[in-house]
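Asker: Below are the structure tokens for one structure; questions will follow.
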Amino acid sequence: MTMSNILEGTNEIINPDTYFQINSQPRTLPDNEIKVKEFVNKHDNAGRRIVLITSGGTTVPIENNTVRFLDNFSAGTRGATSAEYPFYLQPFSRHYTHSTNCFLDYMELKDDDNIEVNPKYSQKMKSVLKKYQKVKQEDTLLLLNFVTLSDYLFLLRSVTQIMTCLKERAMYYLAAAVSDFFIPSQKMVQHKIQSAEGGLTLSMDQVPKFLKPLVTNWVPEGFIVSFKLETDPSLLVSKSRQALTKYGHQIVIGNLLTTRKLEVVFITKDSEFNLKLSEQEVKDDVEIESKIIPELVKKHDEWIKNAEMK
Ligand code: 9Z3
């Protein structure tokens, strides 16, 4: 007889508040909160709008002393690209850190002491650098990192609560691919699971639905956009609308895994429309976010105007 490692899950979804009670907050949270408070105060005083963009995947550990974890496909491209458009930010490092686009490829050795930008790339790099320096100078971008599901959820709760003071001037653009399943710390084994004990069967709990308290309690006056990811085209619109109805926020943007960079569907309370790149636009390296963001800026304008009329 062989023994299997079995980690038990449950069908019951815990309440979001319970999640925060039974998990300890990440070590980096207090520092991040200070940075966010400073950033929000400064731009709130200047009467600016602030957008919270969440982006990338979250990992879920399967051991408390974590050797292994589950991850997902998200590369965080949606969020990074989206951040460029409202303020004409350029991607900064995004264009130079990709594995097929290593920053070293942009450099040349001039002589033994100096390097310079390869003239082939200097035009593009110059425009990126200009915009990057403007953003740095005006301090309009604050980057915060998360890795695990718990890092993400604690950070999301803190940042949204700090941003509450912006009321309708805040937009929440939730593009991160957050795990739907996790193993609560008290159900996780302490040490590295031993392969000598045989195959591994994992059973996981469902992650609480954080969009509910976010929309209802954390930032009820904010303009909230969530993304819905599907792989089956026949489910995309219905599941996106279902999410909008369930949480009662302003927009769900639906996208399919394979075509997410080419087309999305916007679902609002009383409309549904597609944004799509034409073949020519794809050839010209146009990014779908260049269409998504202006559309959202327009809708956010209306949201603010409506609130002012109340
Ligand atoms: C998205 O749908 C994003 O557009 C992608 C972007 C993760 C597909 P990449 O990071 O990909 O550019 O590679 N994000 C939300 C995904 C999600 O998990 N949504 C939840 C769901 O579908 C609802 S909050 O159930």
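Following the order of the structure tokens, first chain is A, next is B, and so on, with residues numbered from 1 inside each chain and ligands from 1 in the order they appear.
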What do you get as number ranges by chain if you pick all residues at most 6 Å from ligand 1, counting only C-alpha atoms and all ligand atoms?

Answerer: A: 56, 74-78, 175-178, 226-229, 255, 257

Asker: Any chance you can output those residues with all heavy atoms as an mmCIF file, in the first residue's frame?

Answerer:
```cif
data_model
loop_
_atom_site.group_PDB
_atom_site.id
_atom_site.type_symbol
_atom_site.label_atom_id
_atom_site.label_comp_id
_atom_site.auth_asym_id
_atom_site.auth_seq_id
_atom_site.Cartn_x
_atom_site.Cartn_y
_atom_site.Cartn_z
ATOM 1 N N GLY A 56 -1.127 41.403 -12.744
ATOM 2 C CA GLY A 56 -0.267 40.240 -12.521
ATOM 3 C C GLY A 56 -0.994 39.144 -11.764
ATOM 4 O O GLY A 56 -2.150 39.298 -11.376
ATOM 5 N N SER A 74 -0.683 34.845 -15.693
ATOM 6 C CA SER A 74 -0.681 36.290 -15.932
ATOM 7 C C SER A 74 0.714 36.890 -15.869
ATOM 8 O O SER A 74 1.458 36.693 -14.915
ATOM 9 C CB SER A 74 -1.583 36.979 -14.910
ATOM 10 O OG SER A 74 -1.410 38.378 -15.001
ATOM 11 N N ALA A 75 1.025 37.669 -16.907
ATOM 12 C CA ALA A 75 2.344 38.296 -16.966
ATOM 13 C C ALA A 75 2.273 39.746 -16.485
ATOM 14 O O ALA A 75 3.293 40.426 -16.392
ATOM 15 C CB ALA A 75 2.857 38.255 -18.398
ATOM 16 N N GLY A 76 1.057 40.233 -16.219
ATOM 17 C CA GLY A 76 0.913 41.614 -15.763
ATOM 18 C C GLY A 76 1.009 42.645 -16.879
ATOM 19 O O GLY A 76 1.153 43.840 -16.634
ATOM 20 N N THR A 77 0.884 42.173 -18.117
ATOM 21 C CA THR A 77 1.005 43.086 -19.258
ATOM 22 C C THR A 77 -0.151 44.085 -19.299
ATOM 23 O O THR A 77 0.037 45.268 -19.563
ATOM 24 C CB THR A 77 1.022 42.279 -20.575
ATOM 25 O OG1 THR A 77 1.964 41.236 -20.428
ATOM 26 C CG2 THR A 77 1.383 43.149 -21.761
ATOM 27 N N ARG A 78 -1.355 43.587 -19.036
ATOM 28 C CA ARG A 78 -2.545 44.447 -19.101
ATOM 29 C C ARG A 78 -2.374 45.692 -18.216
ATOM 30 O O ARG A 78 -2.599 46.813 -18.639
ATOM 31 C CB ARG A 78 -3.783 43.664 -18.655
ATOM 32 C CG ARG A 78 -5.027 44.493 -18.490
ATOM 33 C CD ARG A 78 -5.763 44.714 -19.797
ATOM 34 N NE ARG A 78 -6.418 43.519 -20.247
ATOM 35 C CZ ARG A 78 -6.482 43.118 -21.537
ATOM 36 N NH1 ARG A 78 -5.926 43.834 -22.475
ATOM 37 N NH2 ARG A 78 -7.123 42.019 -21.879
ATOM 38 N N ALA A 175 -7.259 44.399 -12.729
ATOM 39 C CA ALA A 175 -6.855 43.504 -13.820
ATOM 40 C C ALA A 175 -5.999 42.337 -13.343
ATOM 41 O O ALA A 175 -5.594 41.500 -14.142
ATOM 42 C CB ALA A 175 -6.098 44.298 -14.884
ATOM 43 N N ALA A 176 -5.692 42.298 -12.049
ATOM 44 C CA ALA A 176 -4.862 41.190 -11.555
ATOM 45 C C ALA A 176 -5.614 39.870 -11.685
ATOM 46 O O ALA A 176 -6.838 39.823 -11.560
ATOM 47 C CB ALA A 176 -4.484 41.421 -10.090
ATOM 48 N N ALA A 177 -4.886 38.819 -11.970
ATOM 49 C CA ALA A 177 -5.476 37.476 -12.047
ATOM 50 C C ALA A 177 -5.278 36.831 -10.676
ATOM 51 O O ALA A 177 -4.243 36.228 -10.392
ATOM 52 C CB ALA A 177 -4.797 36.663 -13.131
ATOM 53 N N VAL A 178 -6.276 37.023 -9.833
ATOM 54 C CA VAL A 178 -6.162 36.608 -8.431
ATOM 55 C C VAL A 178 -6.646 35.172 -8.279
ATOM 56 O O VAL A 178 -7.694 34.815 -8.819
ATOM 57 C CB VAL A 178 -7.024 37.537 -7.537
ATOM 58 C CG1 VAL A 178 -6.850 37.176 -6.072
ATOM 59 C CG2 VAL A 178 -6.662 38.983 -7.793
ATOM 60 N N SER A 226 -13.833 45.869 -13.164
ATOM 61 C CA SER A 226 -13.180 44.581 -12.935
ATOM 62 C C SER A 226 -13.055 43.845 -14.265
ATOM 63 O O SER A 226 -13.760 44.158 -15.233
ATOM 64 C CB SER A 226 -13.962 43.734 -11.933
ATOM 65 O OG SER A 226 -15.129 43.222 -12.525
ATOM 66 N N PHE A 227 -12.159 42.901 -14.310
ATOM 67 C CA PHE A 227 -11.979 42.087 -15.518
ATOM 68 C C PHE A 227 -12.525 40.691 -15.276
ATOM 69 O O PHE A 227 -12.478 40.181 -14.159
ATOM 70 C CB PHE A 227 -10.491 41.972 -15.885
ATOM 71 C CG PHE A 227 -9.987 43.165 -16.641
ATOM 72 C CD1 PHE A 227 -9.694 44.348 -15.980
ATOM 73 C CD2 PHE A 227 -9.826 43.116 -18.017
ATOM 74 C CE1 PHE A 227 -9.246 45.460 -16.670
ATOM 75 C CE2 PHE A 227 -9.379 44.225 -18.722
ATOM 76 C CZ PHE A 227 -9.086 45.384 -18.047
ATOM 77 N N LYS A 228 -13.039 40.097 -16.334
ATOM 78 C CA LYS A 228 -13.489 38.702 -16.262
ATOM 79 C C LYS A 228 -12.741 37.920 -17.324
ATOM 80 O O LYS A 228 -12.763 38.293 -18.497
ATOM 81 C CB LYS A 228 -14.998 38.640 -16.536
ATOM 82 C CG LYS A 228 -15.583 37.268 -16.385
ATOM 83 C CD LYS A 228 -15.861 36.993 -14.937
ATOM 84 C CE LYS A 228 -16.040 35.523 -14.666
ATOM 85 N NZ LYS A 228 -15.864 35.197 -13.258
ATOM 86 N N LEU A 229 -12.104 36.871 -16.896
ATOM 87 C CA LEU A 229 -11.349 36.046 -17.831
ATOM 88 C C LEU A 229 -12.048 34.721 -18.046
ATOM 89 O O LEU A 229 -12.444 34.068 -17.080
ATOM 90 C CB LEU A 229 -9.950 35.788 -17.267
ATOM 91 C CG LEU A 229 -9.105 34.801 -18.070
ATOM 92 C CD1 LEU A 229 -8.676 35.395 -19.399
ATOM 93 C CD2 LEU A 229 -7.904 34.353 -17.276
ATOM 94 N N ASN A 255 -12.637 39.250 -21.213
ATOM 95 C CA ASN A 255 -11.619 38.891 -22.213
ATOM 96 C C ASN A 255 -11.359 37.392 -22.197
ATOM 97 O O ASN A 255 -11.544 36.719 -21.191
ATOM 98 C CB ASN A 255 -10.328 39.690 -22.063
ATOM 99 C CG ASN A 255 -9.636 39.637 -20.708
ATOM 100 O OD1 ASN A 255 -8.547 40.168 -20.543
ATOM 101 N ND2 ASN A 255 -10.248 39.015 -19.709
ATOM 102 N N LEU A 257 -8.662 34.209 -22.835
ATOM 103 C CA LEU A 257 -7.228 33.991 -22.653
ATOM 104 C C LEU A 257 -6.442 34.187 -23.956
ATOM 105 O O LEU A 257 -5.432 34.900 -23.995
ATOM 106 C CB LEU A 257 -7.008 32.574 -22.102
ATOM 107 C CG LEU A 257 -5.579 32.199 -21.760
ATOM 108 C CD1 LEU A 257 -5.043 33.070 -20.637
ATOM 109 C CD2 LEU A 257 -5.501 30.731 -21.376
#
```

Asker: Would you kindly return, as an MDAnalysis selection string, each protein, DNA or RNA residue with an atom no farther than 10 Å from any atom of Pro220 in chain A, considering only C-alpha atoms and excluding same-chain residues fewer than 4 positions away?

Answerer: chainID A and resid 164 167:168 213:216 224 249

Asker: Using only C-alpha atoms, pick whichever of A:Ile115, A:Ile253, A:Met188, A:Leu29 has the shortest atom-to-atom distance to Leu296 in chain A.

Answerer: A:Ile253

Asker: Please provide the set of residues having any atom within 8 Å of Val60 in chain A, restricted to only C-alpha atoms, with same-chain residues fewer than 2 positions apart removed, written as a list of chain:residue names.

Answerer: A:Thr58, A:Ile62, A:Phe69, A:Leu70, A:Asp71, A:Thr148, A:Leu149, A:Ser179, A:Phe181, A:Phe182, A:Ile183

Asker: Excluding Arg27 in chain A and residues on its chain fewer than 5 positions from it, collect all residues at most 12 Å away from it, counting only C-alpha atoms, and give them as an MDAnalysis selection string.

Answerer: chainID A and resid 32:33 146 150:151 154:155

Asker: So which one's closest to Asn23 in chain A, A:Ser185, A:Thr201, A:Ser290, A:Ser238? Using only C-alpha atoms, please.

Answerer: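 Answer, going by the shortest atom-to-atom distance: A:Ser185.
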
Asker: I'd like to know which of A:Val159, A:Val117, A:Val252, A:Leu166 is closest to Ala46 in chain A, using only C-alpha atoms.

Answerer: A:Leu166

Asker: Residues within 8 Å of His300 in chain A, please, as JSON, numbers by chain. Count only C-alpha atoms; anything in the same chain fewer than 3 positions from it doesn't count.

Answerer: {"A": [171, 223, 296, 297, 303, 304]}

Asker: Could those selected residues go to a file with all heavy atoms, as a PDB file, in the first residue's frame?

Answerer:
```pdb
ATOM      1  N   MET A 171     -10.463  55.774  -9.366  1.00  0.00           N
ATOM      2  CA  MET A 171     -10.879  54.650 -10.204  1.00  0.00           C
ATOM      3  C   MET A 171     -10.133  53.401  -9.736  1.00  0.00           C
ATOM      4  O   MET A 171      -8.968  53.474  -9.361  1.00  0.00           O
ATOM      5  CB  MET A 171     -10.566  54.891 -11.680  1.00  0.00           C
ATOM      6  CG  MET A 171     -11.144  53.819 -12.587  1.00  0.00           C
ATOM      7  SD  MET A 171     -10.456  53.699 -14.257  1.00  0.00           S
ATOM      8  CE  MET A 171     -10.882  55.223 -14.989  1.00  0.00           C
ATOM      9  N   PHE A 223     -15.135  54.594  -8.778  1.00  0.00           N
ATOM     10  CA  PHE A 223     -15.510  54.069 -10.090  1.00  0.00           C
ATOM     11  C   PHE A 223     -14.755  52.748 -10.267  1.00  0.00           C
ATOM     12  O   PHE A 223     -13.521  52.735 -10.345  1.00  0.00           O
ATOM     13  CB  PHE A 223     -15.120  55.088 -11.163  1.00  0.00           C
ATOM     14  CG  PHE A 223     -15.549  54.704 -12.539  1.00  0.00           C
ATOM     15  CD1 PHE A 223     -16.870  54.833 -12.920  1.00  0.00           C
ATOM     16  CD2 PHE A 223     -14.628  54.228 -13.460  1.00  0.00           C
ATOM     17  CE1 PHE A 223     -17.280  54.482 -14.201  1.00  0.00           C
ATOM     18  CE2 PHE A 223     -15.023  53.867 -14.741  1.00  0.00           C
ATOM     19  CZ  PHE A 223     -16.345  54.005 -15.108  1.00  0.00           C
ATOM     20  N   LEU A 296     -12.611  54.379 -20.778  1.00  0.00           N
ATOM     21  CA  LEU A 296     -12.836  54.428 -19.328  1.00  0.00           C
ATOM     22  C   LEU A 296     -12.721  55.847 -18.790  1.00  0.00           C
ATOM     23  O   LEU A 296     -13.450  56.233 -17.867  1.00  0.00           O
ATOM     24  CB  LEU A 296     -11.833  53.517 -18.599  1.00  0.00           C
ATOM     25  CG  LEU A 296     -12.046  52.015 -18.792  1.00  0.00           C
ATOM     26  CD1 LEU A 296     -10.956  51.233 -18.063  1.00  0.00           C
ATOM     27  CD2 LEU A 296     -13.426  51.588 -18.292  1.00  0.00           C
ATOM     28  N   VAL A 297     -11.809  56.622 -19.359  1.00  0.00           N
ATOM     29  CA  VAL A 297     -11.663  58.018 -18.914  1.00  0.00           C
ATOM     30  C   VAL A 297     -12.985  58.758 -19.160  1.00  0.00           C
ATOM     31  O   VAL A 297     -13.477  59.493 -18.301  1.00  0.00           O
ATOM     32  CB  VAL A 297     -10.474  58.710 -19.629  1.00  0.00           C
ATOM     33  CG1 VAL A 297     -10.467  60.207 -19.359  1.00  0.00           C
ATOM     34  CG2 VAL A 297      -9.147  58.088 -19.187  1.00  0.00           C
ATOM     35  N   TRP A 303     -19.112  59.725 -14.468  1.00  0.00           N
ATOM     36  CA  TRP A 303     -19.325  59.291 -13.078  1.00  0.00           C
ATOM     37  C   TRP A 303     -19.113  60.465 -12.117  1.00  0.00           C
ATOM     38  O   TRP A 303     -19.896  60.707 -11.202  1.00  0.00           O
ATOM     39  CB  TRP A 303     -18.363  58.144 -12.779  1.00  0.00           C
ATOM     40  CG  TRP A 303     -18.406  57.564 -11.406  1.00  0.00           C
ATOM     41  CD1 TRP A 303     -17.489  57.750 -10.418  1.00  0.00           C
ATOM     42  CD2 TRP A 303     -19.395  56.687 -10.870  1.00  0.00           C
ATOM     43  NE1 TRP A 303     -17.845  57.038  -9.297  1.00  0.00           N
ATOM     44  CE2 TRP A 303     -19.019  56.378  -9.546  1.00  0.00           C
ATOM     45  CE3 TRP A 303     -20.573  56.126 -11.384  1.00  0.00           C
ATOM     46  CZ2 TRP A 303     -19.763  55.534  -8.731  1.00  0.00           C
ATOM     47  CZ3 TRP A 303     -21.315  55.286 -10.561  1.00  0.00           C
ATOM     48  CH2 TRP A 303     -20.913  55.005  -9.258  1.00  0.00           C
ATOM     49  N   ILE A 304     -18.053  61.225 -12.388  1.00  0.00           N
ATOM     50  CA  ILE A 304     -17.738  62.372 -11.523  1.00  0.00           C
ATOM     51  C   ILE A 304     -18.802  63.465 -11.698  1.00  0.00           C
ATOM     52  O   ILE A 304     -19.286  64.044 -10.730  1.00  0.00           O
ATOM     53  CB  ILE A 304     -16.323  62.920 -11.844  1.00  0.00           C
ATOM     54  CG1 ILE A 304     -15.271  61.882 -11.447  1.00  0.00           C
ATOM     55  CG2 ILE A 304     -16.062  64.254 -11.153  1.00  0.00           C
ATOM     56  CD1 ILE A 304     -13.851  62.206 -11.873  1.00  0.00           C
TER      57      ILE A 304
END
```

Asker: Counting only C-alpha atoms, figure out which residue out of A:Gln194, A:Ser234, A:Ser82, A:Ile53 gets nearest to Ile288 in chain A.

Answerer: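 Ranked by minimum distance to Ile288 in chain A, first place goes to A:Ser82.
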
Asker: Which of these residues is nearest to Phe20 in chain A, using only C-alpha atoms: A:Asn145, A:Ser158, A:Asn41, A:Asn64?

Answerer: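 The shortest atom-to-atom distance to Phe20 in chain A comes from A:Ser158.
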